[in-house]
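**Student:** Quick one: structure below, then a few questions.
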Amino acid sequence: MIPGKIAVIEGDITQLTVDAIVNAANTSLLGGGGVDGAIHRAAGPGLLAECRGLNGCKTGDAKITQGYNLPADWVIHTVGPVWRDGNHGEDALLASCYYRSLELAKDYQIRTIAFPAISTGAYGFPPERAARIAVGTVKQVLEGNTTIEQVFFVCFSKLSYNHYRQAVQEILMNKE
Ligand code: AR6
């Protein structure tokens, strides 16, 4: 049952003991603000050193590193789209972040993974729309061949939490 594999929680993603946490990075993969800054601070300098060797990452793609001082074993760095007006491929690029992250998770036999609300901070993606894309894309992947047993959507505010709860209701429970 897919609904049991998806959990929405409010909290700080850097604190989670899961196989992998996902970072909302930028194309340089060399750190920044928001959740990216928090992950680099909590992981320590080893993370940045490994990221330097990755040669960046394209928007919509993902790359994996170790978790260093984080409780998580792995960090999957993905680059969300910067929101412009919704007519520049933003939805598909955001969906691709979730797909590519979950593909990497499968390659590394990751069973538990936590996502932040990619692109909804500095990158300005409308958060309710982003939550529906996140939940819909993860649902599709979980319906296929995957190693994933549990996906956490980690929300940094009550408002974000409510957006995800609503998206889960609509998409997984088929309720308006
Ligand atoms: N745990 C969970 N979620 C968090 C945390 C945390 N510790 N901190 C922030 N968030 P953002 P973006 C939420 O701006 O929009 C960076 O500088 C936050 O409230 O981190 O994809 C990168 O280097 C929001 O809901 O990522 C890029 O340059 C969500 O995480 C750029 O920002 C995403 O906000 C990426 O922008």
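Labels used: A, B, ... for chains in the order of the structure tokens, numbers from 1 for residues in each chain, and numbers from 1 for ligands as shown.
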Would you mind writing down, as a VMD selection string, each residue of chain A that DSSP on the backbone assigns to helix (DSSP H, G or I)?
**Tutor:** chain A and resid 2 to 5 13 to 15 34 to 43 45 to 52 90 to 107 127 to 142 158 to 172
**Student:** Within 6 Å of ligand 1, which residues of chain A come that close, and what is the closest atom pair and distance in Å for each? Count only C-alpha atoms and all ligand atoms and give it as JSON lines.
**Tutor:**
{"residue": "A:Asp12", "atom": "CA", "partner": "ligand 1", "partner_atom_place_in_ligand_line": "1 (N)", "distance": 3.7}
{"residue": "A:Ile13", "atom": "CA", "partner": "ligand 1", "partner_atom_place_in_ligand_line": "1 (N)", "distance": 3.9}
{"residue": "A:Thr14", "atom": "CA", "partner": "ligand 1", "partner_atom_place_in_ligand_line": "7 (N)", "distance": 5.8}
{"residue": "A:Ala24", "atom": "CA", "partner": "ligand 1", "partner_atom_place_in_ligand_line": "21 (O)", "distance": 4.5}
{"residue": "A:Ala25", "atom": "CA", "partner": "ligand 1", "partner_atom_place_in_ligand_line": "22 (C)", "distance": 4.4}
{"residue": "A:Asn26", "atom": "CA", "partner": "ligand 1", "partner_atom_place_in_ligand_line": "27 (C)", "distance": 4.3}
{"residue": "A:Gly31", "atom": "CA", "partner": "ligand 1", "partner_atom_place_in_ligand_line": "23 (O)", "distance": 5.1}
{"residue": "A:Gly32", "atom": "CA", "partner": "ligand 1", "partner_atom_place_in_ligand_line": "23 (O)", "distance": 3.5}
{"residue": "A:Gly33", "atom": "CA", "partner": "ligand 1", "partner_atom_place_in_ligand_line": "17 (O)", "distance": 3.5}
{"residue": "A:Gly34", "atom": "CA", "partner": "ligand 1", "partner_atom_place_in_ligand_line": "20 (O)", "distance": 3.4}
{"residue": "A:Val35", "atom": "CA", "partner": "ligand 1", "partner_atom_place_in_ligand_line": "8 (N)", "distance": 3.6}
{"residue": "A:Asp36", "atom": "CA", "partner": "ligand 1", "partner_atom_place_in_ligand_line": "23 (O)", "distance": 5.2}
{"residue": "A:Ala38", "atom": "CA", "partner": "ligand 1", "partner_atom_place_in_ligand_line": "7 (N)", "distance": 5.4}
{"residue": "A:Gly80", "atom": "CA", "partner": "ligand 1", "partner_atom_place_in_ligand_line": "21 (O)", "distance": 5.4}
{"residue": "A:Pro116", "atom": "CA", "partner": "ligand 1", "partner_atom_place_in_ligand_line": "3 (N)", "distance": 4.8}
{"residue": "A:Ala117", "atom": "CA", "partner": "ligand 1", "partner_atom_place_in_ligand_line": "29 (C)", "distance": 4.5}
{"residue": "A:Ile118", "atom": "CA", "partner": "ligand 1", "partner_atom_place_in_ligand_line": "21 (O)", "distance": 4.3}
{"residue": "A:Ser119", "atom": "CA", "partner": "ligand 1", "partner_atom_place_in_ligand_line": "21 (O)", "distance": 3.1}
{"residue": "A:Thr120", "atom": "CA", "partner": "ligand 1", "partner_atom_place_in_ligand_line": "15 (O)", "distance": 4.2}
{"residue": "A:Gly121", "atom": "CA", "partner": "ligand 1", "partner_atom_place_in_ligand_line": "34 (O)", "distance": 3.3}
{"residue": "A:Ala122", "atom": "CA", "partner": "ligand 1", "partner_atom_place_in_ligand_line": "14 (O)", "distance": 3.8}
{"residue": "A:Tyr123", "atom": "CA", "partner": "ligand 1", "partner_atom_place_in_ligand_line": "15 (O)", "distance": 3.9}
{"residue": "A:Gly124", "atom": "CA", "partner": "ligand 1", "partner_atom_place_in_ligand_line": "15 (O)", "distance": 5.9}
{"residue": "A:Val154", "atom": "CA", "partner": "ligand 1", "partner_atom_place_in_ligand_line": "2 (C)", "distance": 5.5}
{"residue": "A:Cys155", "atom": "CA", "partner": "ligand 1", "partner_atom_place_in_ligand_line": "3 (N)", "distance": 5.5}
{"residue": "A:Phe156", "atom": "CA", "partner": "ligand 1", "partner_atom_place_in_ligand_line": "3 (N)", "distance": 4.5}
**Student:** Could the residues in this selection be saved with all heavy atoms as a short mmCIF file (atom, residue, chain, number, x, y, z; two decimals), in the first residue's frame?
**Tutor:**
data_model
loop_
_atom_site.label_atom_id
_atom_site.label_comp_id
_atom_site.auth_asym_id
_atom_site.auth_seq_id
_atom_site.Cartn_x
_atom_site.Cartn_y
_atom_site.Cartn_z
N ASP A 12 13.36 19.43 10.90
CA ASP A 12 14.64 19.78 10.28
C ASP A 12 15.22 18.51 9.66
O ASP A 12 15.53 17.56 10.37
CB ASP A 12 15.56 20.33 11.38
CG ASP A 12 16.95 20.65 10.89
OD1 ASP A 12 17.27 20.38 9.71
OD2 ASP A 12 17.75 21.14 11.71
N ILE A 13 15.38 18.53 8.35
CA ILE A 13 15.80 17.32 7.62
C ILE A 13 17.19 16.85 8.06
O ILE A 13 17.49 15.66 7.97
CB ILE A 13 15.72 17.57 6.10
CG1 ILE A 13 15.61 16.26 5.33
CG2 ILE A 13 16.89 18.40 5.60
CD1 ILE A 13 15.20 16.42 3.88
N THR A 14 18.01 17.75 8.55
CA THR A 14 19.38 17.35 8.92
C THR A 14 19.40 16.45 10.15
O THR A 14 20.41 15.82 10.43
CB THR A 14 20.28 18.58 9.22
OG1 THR A 14 19.79 19.25 10.39
CG2 THR A 14 20.32 19.54 8.05
N ALA A 24 18.23 20.31 -1.57
CA ALA A 24 17.79 21.23 -2.63
C ALA A 24 18.97 22.15 -2.93
O ALA A 24 19.11 23.22 -2.34
CB ALA A 24 16.58 22.04 -2.16
N ALA A 25 19.82 21.72 -3.84
CA ALA A 25 21.09 22.37 -4.10
C ALA A 25 20.98 23.34 -5.28
O ALA A 25 19.88 23.58 -5.80
CB ALA A 25 22.14 21.30 -4.39
N ASN A 26 22.11 23.91 -5.69
CA ASN A 26 22.18 24.69 -6.94
C ASN A 26 23.16 23.99 -7.86
O ASN A 26 23.83 23.03 -7.46
CB ASN A 26 22.56 26.15 -6.65
CG ASN A 26 23.89 26.25 -5.94
OD1 ASN A 26 24.91 25.83 -6.46
ND2 ASN A 26 23.88 26.77 -4.72
N GLY A 31 27.25 24.46 -2.16
CA GLY A 31 26.61 25.01 -0.97
C GLY A 31 25.86 26.28 -1.27
O GLY A 31 25.91 26.82 -2.37
N GLY A 32 25.12 26.73 -0.26
CA GLY A 32 24.30 27.93 -0.41
C GLY A 32 23.54 28.17 0.88
O GLY A 32 24.02 27.79 1.95
N GLY A 33 22.36 28.78 0.77
CA GLY A 33 21.55 29.05 1.96
C GLY A 33 20.50 27.96 2.15
O GLY A 33 20.65 26.86 1.63
N GLY A 34 19.45 28.29 2.88
CA GLY A 34 18.31 27.39 3.05
C GLY A 34 18.71 26.00 3.54
O GLY A 34 19.62 25.85 4.35
N VAL A 35 18.04 25.01 3.00
CA VAL A 35 18.29 23.63 3.44
C VAL A 35 19.69 23.19 3.02
O VAL A 35 20.34 22.40 3.72
CB VAL A 35 17.16 22.70 2.92
CG1 VAL A 35 17.21 22.47 1.43
CG2 VAL A 35 17.17 21.38 3.67
N ASP A 36 20.18 23.70 1.92
CA ASP A 36 21.53 23.39 1.43
C ASP A 36 22.57 23.81 2.48
O ASP A 36 23.45 23.02 2.87
CB ASP A 36 21.74 24.13 0.11
CG ASP A 36 22.96 23.68 -0.67
OD1 ASP A 36 23.62 22.72 -0.26
OD2 ASP A 36 23.23 24.31 -1.72
N ALA A 38 22.06 24.38 5.64
CA ALA A 38 21.86 23.60 6.87
C ALA A 38 22.49 22.22 6.74
O ALA A 38 23.14 21.72 7.68
CB ALA A 38 20.36 23.48 7.17
N GLY A 80 16.59 21.96 -8.19
CA GLY A 80 15.25 22.30 -8.64
C GLY A 80 15.27 23.48 -9.60
O GLY A 80 16.26 24.21 -9.68
N PRO A 116 13.12 17.50 1.21
CA PRO A 116 12.59 18.82 1.56
C PRO A 116 11.66 19.28 0.44
O PRO A 116 11.54 18.59 -0.59
CB PRO A 116 13.84 19.68 1.62
CG PRO A 116 14.70 19.11 0.52
CD PRO A 116 14.40 17.62 0.48
N ALA A 117 11.04 20.42 0.62
CA ALA A 117 10.14 20.97 -0.41
C ALA A 117 11.00 21.72 -1.44
O ALA A 117 11.13 22.95 -1.41
CB ALA A 117 9.11 21.89 0.23
N ILE A 118 11.56 20.93 -2.36
CA ILE A 118 12.53 21.44 -3.35
C ILE A 118 11.94 22.63 -4.14
O ILE A 118 10.77 22.57 -4.55
CB ILE A 118 12.90 20.30 -4.33
CG1 ILE A 118 13.54 19.14 -3.57
CG2 ILE A 118 13.83 20.80 -5.44
CD1 ILE A 118 13.54 17.83 -4.36
N SER A 119 12.74 23.64 -4.32
CA SER A 119 12.43 24.84 -5.12
C SER A 119 11.45 25.82 -4.47
O SER A 119 11.18 26.86 -5.06
CB SER A 119 11.90 24.49 -6.52
OG SER A 119 12.95 24.18 -7.39
N THR A 120 10.91 25.48 -3.30
CA THR A 120 9.85 26.36 -2.75
C THR A 120 10.38 27.48 -1.87
O THR A 120 9.59 28.28 -1.36
CB THR A 120 8.81 25.55 -1.95
OG1 THR A 120 9.45 25.01 -0.78
CG2 THR A 120 8.20 24.45 -2.78
N GLY A 121 11.69 27.54 -1.67
CA GLY A 121 12.28 28.62 -0.87
C GLY A 121 12.85 29.68 -1.80
O GLY A 121 12.11 30.39 -2.48
N ALA A 122 14.16 29.76 -1.84
CA ALA A 122 14.84 30.77 -2.66
C ALA A 122 14.41 30.72 -4.12
O ALA A 122 14.41 31.75 -4.80
CB ALA A 122 16.35 30.57 -2.55
N TYR A 123 14.06 29.55 -4.61
CA TYR A 123 13.73 29.39 -6.04
C TYR A 123 12.28 29.72 -6.38
O TYR A 123 11.91 29.73 -7.56
CB TYR A 123 14.12 28.00 -6.53
CG TYR A 123 15.61 27.84 -6.78
CD1 TYR A 123 16.51 28.89 -6.57
CD2 TYR A 123 16.14 26.63 -7.24
CE1 TYR A 123 17.87 28.75 -6.79
CE2 TYR A 123 17.50 26.48 -7.47
CZ TYR A 123 18.36 27.54 -7.25
OH TYR A 123 19.71 27.39 -7.48
N GLY A 124 11.45 30.01 -5.37
CA GLY A 124 10.16 30.65 -5.60
C GLY A 124 9.05 29.83 -6.24
O GLY A 124 8.06 30.40 -6.71
N VAL A 154 9.64 16.28 4.42
CA VAL A 154 9.98 17.04 5.62
C VAL A 154 9.68 18.51 5.40
O VAL A 154 10.27 19.15 4.53
CB VAL A 154 11.48 16.86 5.97
CG1 VAL A 154 11.79 17.52 7.30
CG2 VAL A 154 11.82 15.38 6.01
N CYS A 155 8.75 19.01 6.17
CA CYS A 155 8.26 20.38 6.00
C CYS A 155 8.86 21.27 7.08
O CYS A 155 8.95 20.87 8.23
CB CYS A 155 6.75 20.41 6.11
SG CYS A 155 5.98 19.28 4.93
N PHE A 156 9.26 22.46 6.66
CA PHE A 156 9.95 23.37 7.58
C PHE A 156 8.99 24.37 8.20
O PHE A 156 9.42 25.24 8.96
CB PHE A 156 11.08 24.08 6.84
CG PHE A 156 12.25 24.41 7.71
CD1 PHE A 156 12.81 23.47 8.56
CD2 PHE A 156 12.82 25.68 7.68
CE1 PHE A 156 13.90 23.78 9.36
CE2 PHE A 156 13.92 26.00 8.48
CZ PHE A 156 14.45 25.05 9.32
#
**Student:** Restricting the calculation to only C-alpha atoms: of A:Lys158, A:His77, A:Arg41, A:Arg100, which residue gets closest to Val138 of chain A?
**Tutor:**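 The closest residue to Val138 of chain A is A:Arg100.
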**Student:** Apply DSSP to the backbone of this structure and, from chain A, keep only the residues in strand (DSSP E); write these as a VMD selection string.
**Tutor:** chain A and resid 6 to 10 20 to 25 62 to 66 74 to 79 112 to 115 150 to 155
**Student:** Any chance you can output those residues with N, CA and C atoms as a compact mmCIF listing (two decimals), in the first residue's frame?
**Tutor:**
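File again37.txt, as written:
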# COMPACT_ATOMS: atom_id res chain seq x y z
N ILE A 6 4.41 6.65 2.59
CA ILE A 6 4.65 8.09 2.51
C ILE A 6 4.24 8.74 3.83
N ALA A 7 5.16 9.51 4.40
CA ALA A 7 4.84 10.22 5.64
C ALA A 7 5.18 11.69 5.48
N VAL A 8 4.31 12.54 5.98
CA VAL A 8 4.55 13.99 5.98
C VAL A 8 4.89 14.38 7.41
N ILE A 9 6.03 15.03 7.59
CA ILE A 9 6.41 15.45 8.94
C ILE A 9 6.89 16.90 8.91
N GLU A 10 6.84 17.51 10.09
CA GLU A 10 7.37 18.87 10.21
C GLU A 10 8.67 18.77 10.97
N ALA A 20 18.94 8.10 3.35
CA ALA A 20 19.36 9.26 2.53
C ALA A 20 18.46 10.45 2.78
N ILE A 21 19.08 11.64 2.82
CA ILE A 21 18.29 12.87 2.75
C ILE A 21 18.60 13.53 1.41
N VAL A 22 17.62 14.26 0.90
CA VAL A 22 17.79 14.95 -0.37
C VAL A 22 18.06 16.42 -0.08
N ASN A 23 19.02 16.97 -0.80
CA ASN A 23 19.39 18.38 -0.67
C ASN A 23 18.84 19.17 -1.85
N ALA A 24 18.23 20.31 -1.57
CA ALA A 24 17.79 21.23 -2.63
C ALA A 24 18.97 22.15 -2.93
N ALA A 25 19.82 21.72 -3.84
CA ALA A 25 21.09 22.37 -4.10
C ALA A 25 20.98 23.34 -5.28
N ALA A 62 20.31 14.77 -10.41
CA ALA A 62 20.70 14.51 -9.02
C ALA A 62 22.04 13.79 -8.98
N LYS A 63 22.78 14.03 -7.91
CA LYS A 63 24.05 13.33 -7.66
C LYS A 63 24.11 12.93 -6.19
N ILE A 64 24.88 11.90 -5.88
CA ILE A 64 24.89 11.37 -4.52
C ILE A 64 26.27 11.50 -3.88
N THR A 65 26.27 11.78 -2.58
CA THR A 65 27.51 11.76 -1.78
C THR A 65 27.22 11.02 -0.48
N GLN A 66 28.28 10.82 0.27
CA GLN A 66 28.12 10.30 1.63
C GLN A 66 27.53 11.37 2.55
N TRP A 74 23.60 8.91 3.37
CA TRP A 74 23.81 9.48 2.05
C TRP A 74 23.10 10.82 1.94
N VAL A 75 23.66 11.67 1.06
CA VAL A 75 22.94 12.89 0.66
C VAL A 75 22.78 12.83 -0.85
N ILE A 76 21.55 12.97 -1.30
CA ILE A 76 21.27 13.06 -2.73
C ILE A 76 21.02 14.53 -3.04
N HIS A 77 21.89 15.10 -3.85
CA HIS A 77 21.82 16.53 -4.17
C HIS A 77 21.06 16.68 -5.47
N THR A 78 19.99 17.42 -5.45
CA THR A 78 19.24 17.65 -6.68
C THR A 78 19.06 19.15 -6.86
N VAL A 79 18.88 19.57 -8.10
CA VAL A 79 18.77 21.00 -8.39
C VAL A 79 17.39 21.27 -8.97
N THR A 112 15.10 4.10 2.95
CA THR A 112 14.36 5.21 3.57
C THR A 112 14.98 6.52 3.12
N ILE A 113 14.13 7.45 2.71
CA ILE A 113 14.62 8.69 2.09
C ILE A 113 13.73 9.85 2.52
N ALA A 114 14.34 11.01 2.73
CA ALA A 114 13.59 12.20 3.14
C ALA A 114 13.84 13.33 2.15
N PHE A 115 12.76 13.96 1.73
CA PHE A 115 12.83 15.09 0.79
C PHE A 115 12.42 16.39 1.48
N GLN A 150 10.16 3.64 2.63
CA GLN A 150 9.54 4.79 3.31
C GLN A 150 10.08 6.09 2.74
N VAL A 151 9.16 6.98 2.40
CA VAL A 151 9.52 8.34 1.95
C VAL A 151 8.96 9.33 2.95
N PHE A 152 9.82 10.21 3.42
CA PHE A 152 9.39 11.30 4.31
C PHE A 152 9.42 12.61 3.53
N PHE A 153 8.33 13.35 3.59
CA PHE A 153 8.33 14.73 3.13
C PHE A 153 8.51 15.59 4.37
N VAL A 154 9.64 16.28 4.42
CA VAL A 154 9.98 17.04 5.62
C VAL A 154 9.68 18.51 5.40
N CYS A 155 8.75 19.01 6.17
CA CYS A 155 8.26 20.38 6.00
C CYS A 155 8.86 21.27 7.08
**Student:** Nearest residue to Lys139 of chain A out of A:Leu47, A:Ile171, A:Gly67, A:Glu103, using only C-alpha atoms?
**Tutor:**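 Comparing A:Leu47, A:Ile171, A:Gly67, A:Glu103 against Lys139 of chain A, the winner is A:Ile171.
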**Student:** Just checking: using only C-alpha atoms, which residue out of A:Ser28, A:Leu172, A:Arg129, A:Gly56 ends up closest to Glu143 of chain A?
**Tutor:**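 So, comparing all the options, the nearest one is A:Leu172.
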